Each structure stands twice: as C-alpha cells, then as structure tokens.
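These notes are about the structure you will find just below.
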Amino acid sequence: MIITITLNPSIDYTMTVDEPLVDIEVNRTVDERMKVGGKGLNVSMMLDKLRIPSQAIALLGGFTGDYIQSRLRSVPLIDLVTVPIAGMNRINVKLYHGQGTLCVNARGPQAEPKSEQAVLKLLDSIGPGDWVAVCGNMMQGLSGDFLIRLSDCVHAHSAKLVIDMETLTPALIQRCRPVLIKPNFYEFKRLIHQPELTLSELTEAAAQLLENGVENILISLGADGAYLAGSEGGYRLFQQPIEAVNQVGSGDAMLAAFVGKLSEGCSKAEALAWAGAAGSSVAMTQEDVRLEQIERGLSRVHVEKLESGR
C-alpha cells in the first residue's frame with residue numbers, strides 16, 4: 001500500500017484573466033476552477049488515475065476541510081483518513097494572465113501537538129512493502145523535529161519513506177534516511193547550495209548528496225525531462241517538446257507515477273517513463289487527465305541508462 005501524508009492541505013482556486021491587469025479598476029475573469037490541493041493529496045489523486053490504490057492522511061478542518069473531504073470521498077481508490085484540526089485549511093490562488101502566472105499561497109491554520117500524535121498513531125499499521133510519502137510543507141504549529149519522529153516511525157515498521165518537501169536540508173536527509181526524494185532542479189540547487197549548477201554537473205552533485213543517506217533522488221527538469229540518481233546508477237528521462245499550459249501538479253504526478261509503478265514491480269527505467277508521461281500529461285491541460293492520456297504520453301518519452309556515476 002502507498003500512504004500519502006499531507007500536512008498542510010489546501011483548496012487551489014485558479015482564475016484566468018484575458019485582459020491586462022489593472023491596479024485600481026476591477027479585473028474580471030474568463031474562467032474559474034476550484035480543486036483539492038496539497039502535494040500528498042495530488043499524489044493520491046494521480047495514483048487513482050493510474051488505477052493504484054492509496055491511503056491519504058490529511059490534516060483537515062473548517063468549511064475548506066469539508067470541501068476537500070467531499071471531493072475525495074468520491075474518489076474510488078483513495079482511502080481518506082482525516083486528522084481533525086482547529087481552524088480551516090488554506091485557499092491558494094493561482095492567477096493566469098496572458099503569458100504570466102501569479103501564485104499566492106495562504107499560511108493555513110495552526111496545528112496542535114495532538115495532531116502530531118494522531119498522525120504517528122495512524123502509522124502503527126504500516127509494514128514492510130508499504131510506501132509512506134510525506135509531501136509538501138508542514139502546517140504551522142507542528143514541531144521542528146516532527147519529520148524526524150515520523151521518519152523514525154516509518155523505519156521502525158520497515159516501510160519505505162519518500163519525502164517531497166522544499167524545506168529539506170542535507171542534515172535533515174541524513175537524519176530521516178528516505179528511500180527517495182523528489183526536488184525540481186531549482187529546489188535541488190538550493191538544497192546543495194549551488195545556485196549556478198548546470199545540467200552537465202548534475203550527475204556529480206547528485207552522487208555527493210547520495211552520501212547523506214538518501215537512496216534515490218528524482219529531479220524533475222521541466223522541459224528537459226528528469227534525472228534519477230541511485231545505487232544502480234543514473235537514468236535520464238528525455239521527452240518531446242510539449243505546449244505546457246498548467247504549472248500546478250506535474251511534479252506531484254511524476255512522483256505518483258514513479259512510486260506507483262515501482263510498487264507494482266516495474267523497473268526504475270519503466271517507472272521513470274511512466275513518471276515522465278504523467279508529468280507531461282498534467283502540464284498539457286488544466287483539465288483532469290485520464291489514464292488513456294498518460295498511456296499515450298509514453299510515446300513522448302524515452303529513458304536512457306547513463307554510463308557513469310551513481
């Protein structure tokens with residue numbers, strides 16, 4: 001089983017404006033959409049599209065939490081497990097205007113210590129063969145060592161830990177020992193404190209980070225595909241050019257497909273191809289993607305095993 005943990009869920013409210021934005025007058029939209037957000041929940045929703053079941057643990061509260069529950073309860077292959085919180089989950093605004101995008105993420109509510117204990121208690125039933133994916137930033141109020149305690153709990157049950165969080169550091173990776181992390185290229189450069197890193201230097205930099213205790217690093221590279229570093233060596237995902245119209249959720253789709261296909265017994269190369277197909281399919285539309293679209297996306301990508309370097 002794949003268990004996703006979303007520690008700061010949201011509603012993503014997306015608006016599109018055709019006319020140039022003005023400061024004083026009213027700006028009017030031509031399209032509005034409201035979707036469940038939060039990286040872990042995005043992973044579970046993509047797993048459902050891939051016909052892979054998951055359990056989604058989420059901290060939910062208020063009318064926004066009710067909305068998230070109402071939408072996810074109808075998703076067939078998601079077992080939603082809620083941890084109640086005081087206050088309401090955040091609403092994030094994505095404004096598309098011409099060629100630009102403006103994203104404003106809310107802070108969200110304040111968690112209480114009992115929320116931490118409730119999440120850890122839910123992990124008592126996991127075991128070997130399970131994947132636990134902790135995705136997205138943590139809610140305010142969660143203690144600084146909570147991720148370490150959560151990681152220790154996963155390891156104590158011999159499950160596989162996946163972390164996709166912007167706030168990771170090499171020291172935190174060493175303490176948490178995840179089997180997989182998934183930064184994008186910008187996040188990876190920030191993680192290793194090399195803002196000028198180029199793609200040609202990526203293999204060596206990833207190999208050095210592997211020494212910190214992580215077993216695999218999946219780095220999404222946008223139009224340049226992705227790079228996977230691990231104990232078996234490196235893999236490079238290449239993809240055909242696409243017209244990207246959606247900047248939200250493609251990295252989560254990539255992670256979901258990669259972990260989901262690994263859990264079904266696929267090789268890393270096969271799982272990486274599915275990851276590329278899922279990520280690019282999400283980037284190509286603002287609508288919900290279907291399995292058939294992802295399957296067609298496999299023809300847009302190819303994976304190469306690299307000759308040298310971990």
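Following the order of the structure tokens, first chain is A, next is B, and so on, with residues numbered from 1 inside each chain and ligands from 1 in the order they appear.
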Show me a table, sorted first by chain and then by increasing residue number, of the residues of region 199-256 of chain A having an atom at most 10 Å from region 45-64 of chain A, each with its shortest atom pair and the distance in Å to one decimal, counting only C-alpha atoms and written as JSON lines.
```
{"residue": "A:Gly249", "atom": "CA", "partner": "A:Met46", "partner_atom": "CA", "distance": 9.4}
{"residue": "A:Ser250", "atom": "CA", "partner": "A:Met46", "partner_atom": "CA", "distance": 9.9}
{"residue": "A:Asp252", "atom": "CA", "partner": "A:Met46", "partner_atom": "CA", "distance": 8.0}
{"residue": "A:Ala253", "atom": "CA", "partner": "A:Met46", "partner_atom": "CA", "distance": 5.8}
{"residue": "A:Met254", "atom": "CA", "partner": "A:Met46", "partner_atom": "CA", "distance": 8.9}
{"residue": "A:Leu255", "atom": "CA", "partner": "A:Met46", "partner_atom": "CA", "distance": 9.2}
{"residue": "A:Ala256", "atom": "CA", "partner": "A:Leu47", "partner_atom": "CA", "distance": 5.9}
```
List the neighbours of region 124-128 of chain A out to 8 Å using only C-alpha atoms; skip same-chain residues closer than 2 positions along the sequence, and give me the result as a ChimeraX atom specification. /A:120-122,130,154,157-160
Write out as a PyMOL selection string the residues lying within 12 Å of Gly100 (chain A), counting only C-alpha atoms and excluding same-chain residues fewer than 3 positions away. chain A and resi 16-21+94-97+103+245-247
Just checking: using only C-alpha atoms, which residue out of A:Gly87, A:Pro9, A:Gly98, A:Gly233 ends up closest to Val30 (chain A)?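 Looking at the shortest contact to Val30 (chain A), the residue is A:Gly98.
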Would you give me, as a ChimeraX atom specification, the residues in region 178-246 of chain A that DSSP reads as helix (DSSP H, G or I)? /A:185-191,199-210,222-224
From region 8-184 of chain A, collect each residue whose DSSP state is strand (DSSP E or B) and return the set as an MDAnalysis selection string. chainID A and resid 10:17 31:37 54:60 78:84 90:97 100:104 110 131:135 140 160:164 180:181 184
Quick one: everything within 10 Å of Leu209 (chain A), counting only C-alpha atoms, minus sequence neighbours fewer than 6 positions away in the same chain. Send it as a ChimeraX atom specification. /A:170,173-174,188,191-192,215-217,229
Keeping N, CA, C and O atoms, export the residues of the selection given above as a JSON list (two decimals), in the first residue's frame.
```
[["chain", "number", "residue", "atom", "x", "y", "z"],
["A", 170, "PRO", "N", 20.53, 18.83, 3.66],
["A", 170, "PRO", "CA", 21.35, 17.62, 3.73],
["A", 170, "PRO", "C", 21.36, 17.00, 5.12],
["A", 170, "PRO", "O", 21.33, 15.77, 5.25],
["A", 173, "ILE", "N", 18.07, 15.18, 5.67],
["A", 173, "ILE", "CA", 18.06, 13.94, 4.89],
["A", 173, "ILE", "C", 18.84, 12.86, 5.62],
["A", 173, "ILE", "O", 18.41, 11.70, 5.69],
["A", 174, "GLN", "N", 19.96, 13.24, 6.19],
["A", 174, "GLN", "CA", 20.79, 12.28, 6.92],
["A", 174, "GLN", "C", 20.06, 11.72, 8.14],
["A", 174, "GLN", "O", 20.19, 10.53, 8.47],
["A", 188, "PHE", "N", 16.67, 21.45, -6.03],
["A", 188, "PHE", "CA", 17.90, 20.69, -5.84],
["A", 188, "PHE", "C", 19.10, 21.62, -5.70],
["A", 188, "PHE", "O", 19.97, 21.41, -4.83],
["A", 191, "LEU", "N", 19.00, 23.04, -2.34],
["A", 191, "LEU", "CA", 19.29, 22.01, -1.35],
["A", 191, "LEU", "C", 20.79, 21.84, -1.14],
["A", 191, "LEU", "O", 21.27, 21.70, -0.01],
["A", 192, "ILE", "N", 21.56, 21.87, -2.24],
["A", 192, "ILE", "CA", 23.00, 21.64, -2.14],
["A", 192, "ILE", "C", 23.80, 22.96, -2.14],
["A", 192, "ILE", "O", 25.02, 22.94, -2.21],
["A", 215, "GLU", "N", 18.55, 7.09, -0.73],
["A", 215, "GLU", "CA", 18.89, 6.02, -1.67],
["A", 215, "GLU", "C", 18.67, 6.42, -3.12],
["A", 215, "GLU", "O", 19.38, 5.96, -4.02],
["A", 216, "ASN", "N", 17.66, 7.25, -3.37],
["A", 216, "ASN", "CA", 17.34, 7.66, -4.74],
["A", 216, "ASN", "C", 16.94, 9.13, -4.76],
["A", 216, "ASN", "O", 16.27, 9.62, -3.83],
["A", 217, "ILE", "N", 17.34, 9.82, -5.82],
["A", 217, "ILE", "CA", 16.97, 11.23, -6.00],
["A", 217, "ILE", "C", 16.36, 11.38, -7.39],
["A", 217, "ILE", "O", 17.02, 11.12, -8.40],
["A", 229, "ALA", "N", 18.99, 9.53, -9.84],
["A", 229, "ALA", "CA", 20.26, 9.04, -9.30],
["A", 229, "ALA", "C", 19.97, 8.04, -8.21],
["A", 229, "ALA", "O", 19.07, 8.24, -7.38]]
```
Which value, in Å to one decimal, gives the distance between CA of Glu187 (chain A) and CA of Asn105 (chain A)?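 Calculated distance between CA of Glu187 (chain A) and CA of Asn105 (chain A) is 17.6 Å.
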What's the separation between CA of Lys189 (chain A) and CA of Val162 (chain A), in Å to one decimal place?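 About the pair CA of Lys189 (chain A) and CA of Val162 (chain A): they are 19.3 Å apart.
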Near Glu204 (chain A), counting only C-alpha atoms, which residues have an atom at most 12 Å away, once you skip same-chain residues fewer than 5 positions from it, shown as a PyMOL selection string? chain A and resi 192+197-199+209-211+227+229-230+233-234+308-310
Which residues are near Glu287 (chain A)? Cut-off 12 Å, only C-alpha atoms, ignore same chain within fewer than 5 positions. Put them as a list in words.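 In the requested form, the answer reads Thr14, Glu32, Arg33, Met34, Lys35, Val245, Asn246, Val248, Gly249, Ser281, Val282 and Gln293 of chain A.
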Residues from the last selection, all heavy atoms, saved as an mmCIF file, in the first residue's frame:
```
data_model
loop_
_atom_site.group_PDB
_atom_site.id
_atom_site.type_symbol
_atom_site.label_atom_id
_atom_site.label_comp_id
_atom_site.auth_asym_id
_atom_site.auth_seq_id
_atom_site.Cartn_x
_atom_site.Cartn_y
_atom_site.Cartn_z
ATOM 1 N N THR A 14 -8.137 28.615 -9.022
ATOM 2 C CA THR A 14 -7.451 29.097 -10.218
ATOM 3 C C THR A 14 -8.367 30.016 -11.011
ATOM 4 O O THR A 14 -9.516 29.669 -11.305
ATOM 5 C CB THR A 14 -7.026 27.911 -11.111
ATOM 6 O OG1 THR A 14 -6.170 27.050 -10.359
ATOM 7 C CG2 THR A 14 -6.290 28.396 -12.348
ATOM 8 N N GLU A 32 -12.862 30.207 -13.961
ATOM 9 C CA GLU A 32 -12.503 29.937 -12.569
ATOM 10 C C GLU A 32 -12.634 28.433 -12.330
ATOM 11 O O GLU A 32 -13.567 27.799 -12.812
ATOM 12 C CB GLU A 32 -13.415 30.675 -11.576
ATOM 13 C CG GLU A 32 -13.622 32.138 -11.875
ATOM 14 C CD GLU A 32 -14.816 32.367 -12.792
ATOM 15 O OE1 GLU A 32 -15.761 31.557 -12.759
ATOM 16 O OE2 GLU A 32 -14.768 33.339 -13.558
ATOM 17 N N ARG A 33 -11.695 27.887 -11.553
ATOM 18 C CA ARG A 33 -11.723 26.467 -11.202
ATOM 19 C C ARG A 33 -11.292 26.321 -9.743
ATOM 20 O O ARG A 33 -10.428 27.058 -9.270
ATOM 21 C CB ARG A 33 -10.778 25.649 -12.090
ATOM 22 C CG ARG A 33 -11.096 25.733 -13.571
ATOM 23 C CD ARG A 33 -9.970 25.179 -14.420
ATOM 24 N NE ARG A 33 -10.181 25.483 -15.828
ATOM 25 C CZ ARG A 33 -10.800 24.693 -16.677
ATOM 26 N NH1 ARG A 33 -11.252 23.514 -16.255
ATOM 27 N NH2 ARG A 33 -10.972 25.041 -17.934
ATOM 28 N N MET A 34 -11.868 25.344 -9.077
ATOM 29 C CA MET A 34 -11.510 25.075 -7.697
ATOM 30 C C MET A 34 -11.187 23.586 -7.569
ATOM 31 O O MET A 34 -11.986 22.736 -7.966
ATOM 32 C CB MET A 34 -12.660 25.453 -6.761
ATOM 33 C CG MET A 34 -12.263 25.533 -5.313
ATOM 34 S SD MET A 34 -13.388 26.568 -4.322
ATOM 35 C CE MET A 34 -14.928 25.678 -4.531
ATOM 36 N N LYS A 35 -9.986 23.294 -7.049
ATOM 37 C CA LYS A 35 -9.535 21.907 -6.940
ATOM 38 C C LYS A 35 -8.944 21.649 -5.566
ATOM 39 O O LYS A 35 -8.436 22.555 -4.906
ATOM 40 C CB LYS A 35 -8.466 21.594 -8.000
ATOM 41 C CG LYS A 35 -8.961 21.603 -9.434
ATOM 42 C CD LYS A 35 -7.835 21.209 -10.379
ATOM 43 C CE LYS A 35 -8.301 21.152 -11.823
ATOM 44 N NZ LYS A 35 -7.195 20.744 -12.737
ATOM 45 N N VAL A 245 0.584 24.325 -20.441
ATOM 46 C CA VAL A 245 -0.404 25.350 -20.091
ATOM 47 C C VAL A 245 -0.745 25.304 -18.604
ATOM 48 O O VAL A 245 -1.502 26.139 -18.125
ATOM 49 C CB VAL A 245 -1.688 25.186 -20.930
ATOM 50 C CG1 VAL A 245 -1.390 25.357 -22.410
ATOM 51 C CG2 VAL A 245 -2.349 23.833 -20.656
ATOM 52 N N ASN A 246 -0.197 24.354 -17.887
ATOM 53 C CA ASN A 246 -0.513 24.178 -16.470
ATOM 54 C C ASN A 246 0.781 24.019 -15.681
ATOM 55 O O ASN A 246 1.579 23.129 -15.964
ATOM 56 C CB ASN A 246 -1.410 22.950 -16.277
ATOM 57 C CG ASN A 246 -1.758 22.707 -14.819
ATOM 58 O OD1 ASN A 246 -1.687 23.613 -13.981
ATOM 59 N ND2 ASN A 246 -2.130 21.487 -14.499
ATOM 60 N N VAL A 248 0.827 23.612 -12.313
ATOM 61 C CA VAL A 248 0.493 23.081 -10.994
ATOM 62 C C VAL A 248 0.304 21.565 -11.071
ATOM 63 O O VAL A 248 -0.512 21.070 -11.845
ATOM 64 C CB VAL A 248 -0.789 23.730 -10.440
ATOM 65 C CG1 VAL A 248 -1.136 23.150 -9.069
ATOM 66 C CG2 VAL A 248 -0.628 25.243 -10.354
ATOM 67 N N GLY A 249 1.071 20.824 -10.289
ATOM 68 C CA GLY A 249 0.800 19.406 -10.107
ATOM 69 C C GLY A 249 1.570 18.439 -10.973
ATOM 70 O O GLY A 249 1.481 17.228 -10.762
ATOM 71 N N SER A 281 1.632 14.982 -19.173
ATOM 72 C CA SER A 281 0.192 14.987 -19.441
ATOM 73 C C SER A 281 -0.519 16.026 -18.596
ATOM 74 O O SER A 281 -1.410 16.736 -19.070
ATOM 75 C CB SER A 281 -0.405 13.598 -19.177
ATOM 76 O OG SER A 281 0.116 12.635 -20.072
ATOM 77 N N VAL A 282 -0.124 16.154 -17.326
ATOM 78 C CA VAL A 282 -0.710 17.161 -16.450
ATOM 79 C C VAL A 282 -0.335 18.564 -16.920
ATOM 80 O O VAL A 282 -1.161 19.482 -16.901
ATOM 81 C CB VAL A 282 -0.254 16.929 -14.992
ATOM 82 C CG1 VAL A 282 -0.618 18.124 -14.114
ATOM 83 C CG2 VAL A 282 -0.880 15.658 -14.436
ATOM 84 N N GLN A 293 -4.734 9.284 -21.593
ATOM 85 C CA GLN A 293 -3.810 10.358 -21.961
ATOM 86 C C GLN A 293 -2.398 10.062 -21.470
ATOM 87 O O GLN A 293 -1.420 10.327 -22.174
ATOM 88 C CB GLN A 293 -4.305 11.684 -21.374
ATOM 89 C CG GLN A 293 -5.603 12.195 -21.973
ATOM 90 C CD GLN A 293 -6.140 13.388 -21.194
ATOM 91 O OE1 GLN A 293 -6.634 13.255 -20.080
ATOM 92 N NE2 GLN A 293 -6.017 14.572 -21.778
#
```
From the list A:Leu102, A:Val301, A:Cys176, A:Met139, the nearest residue to Ala86 (chain A) using only C-alpha atoms is A:Met139
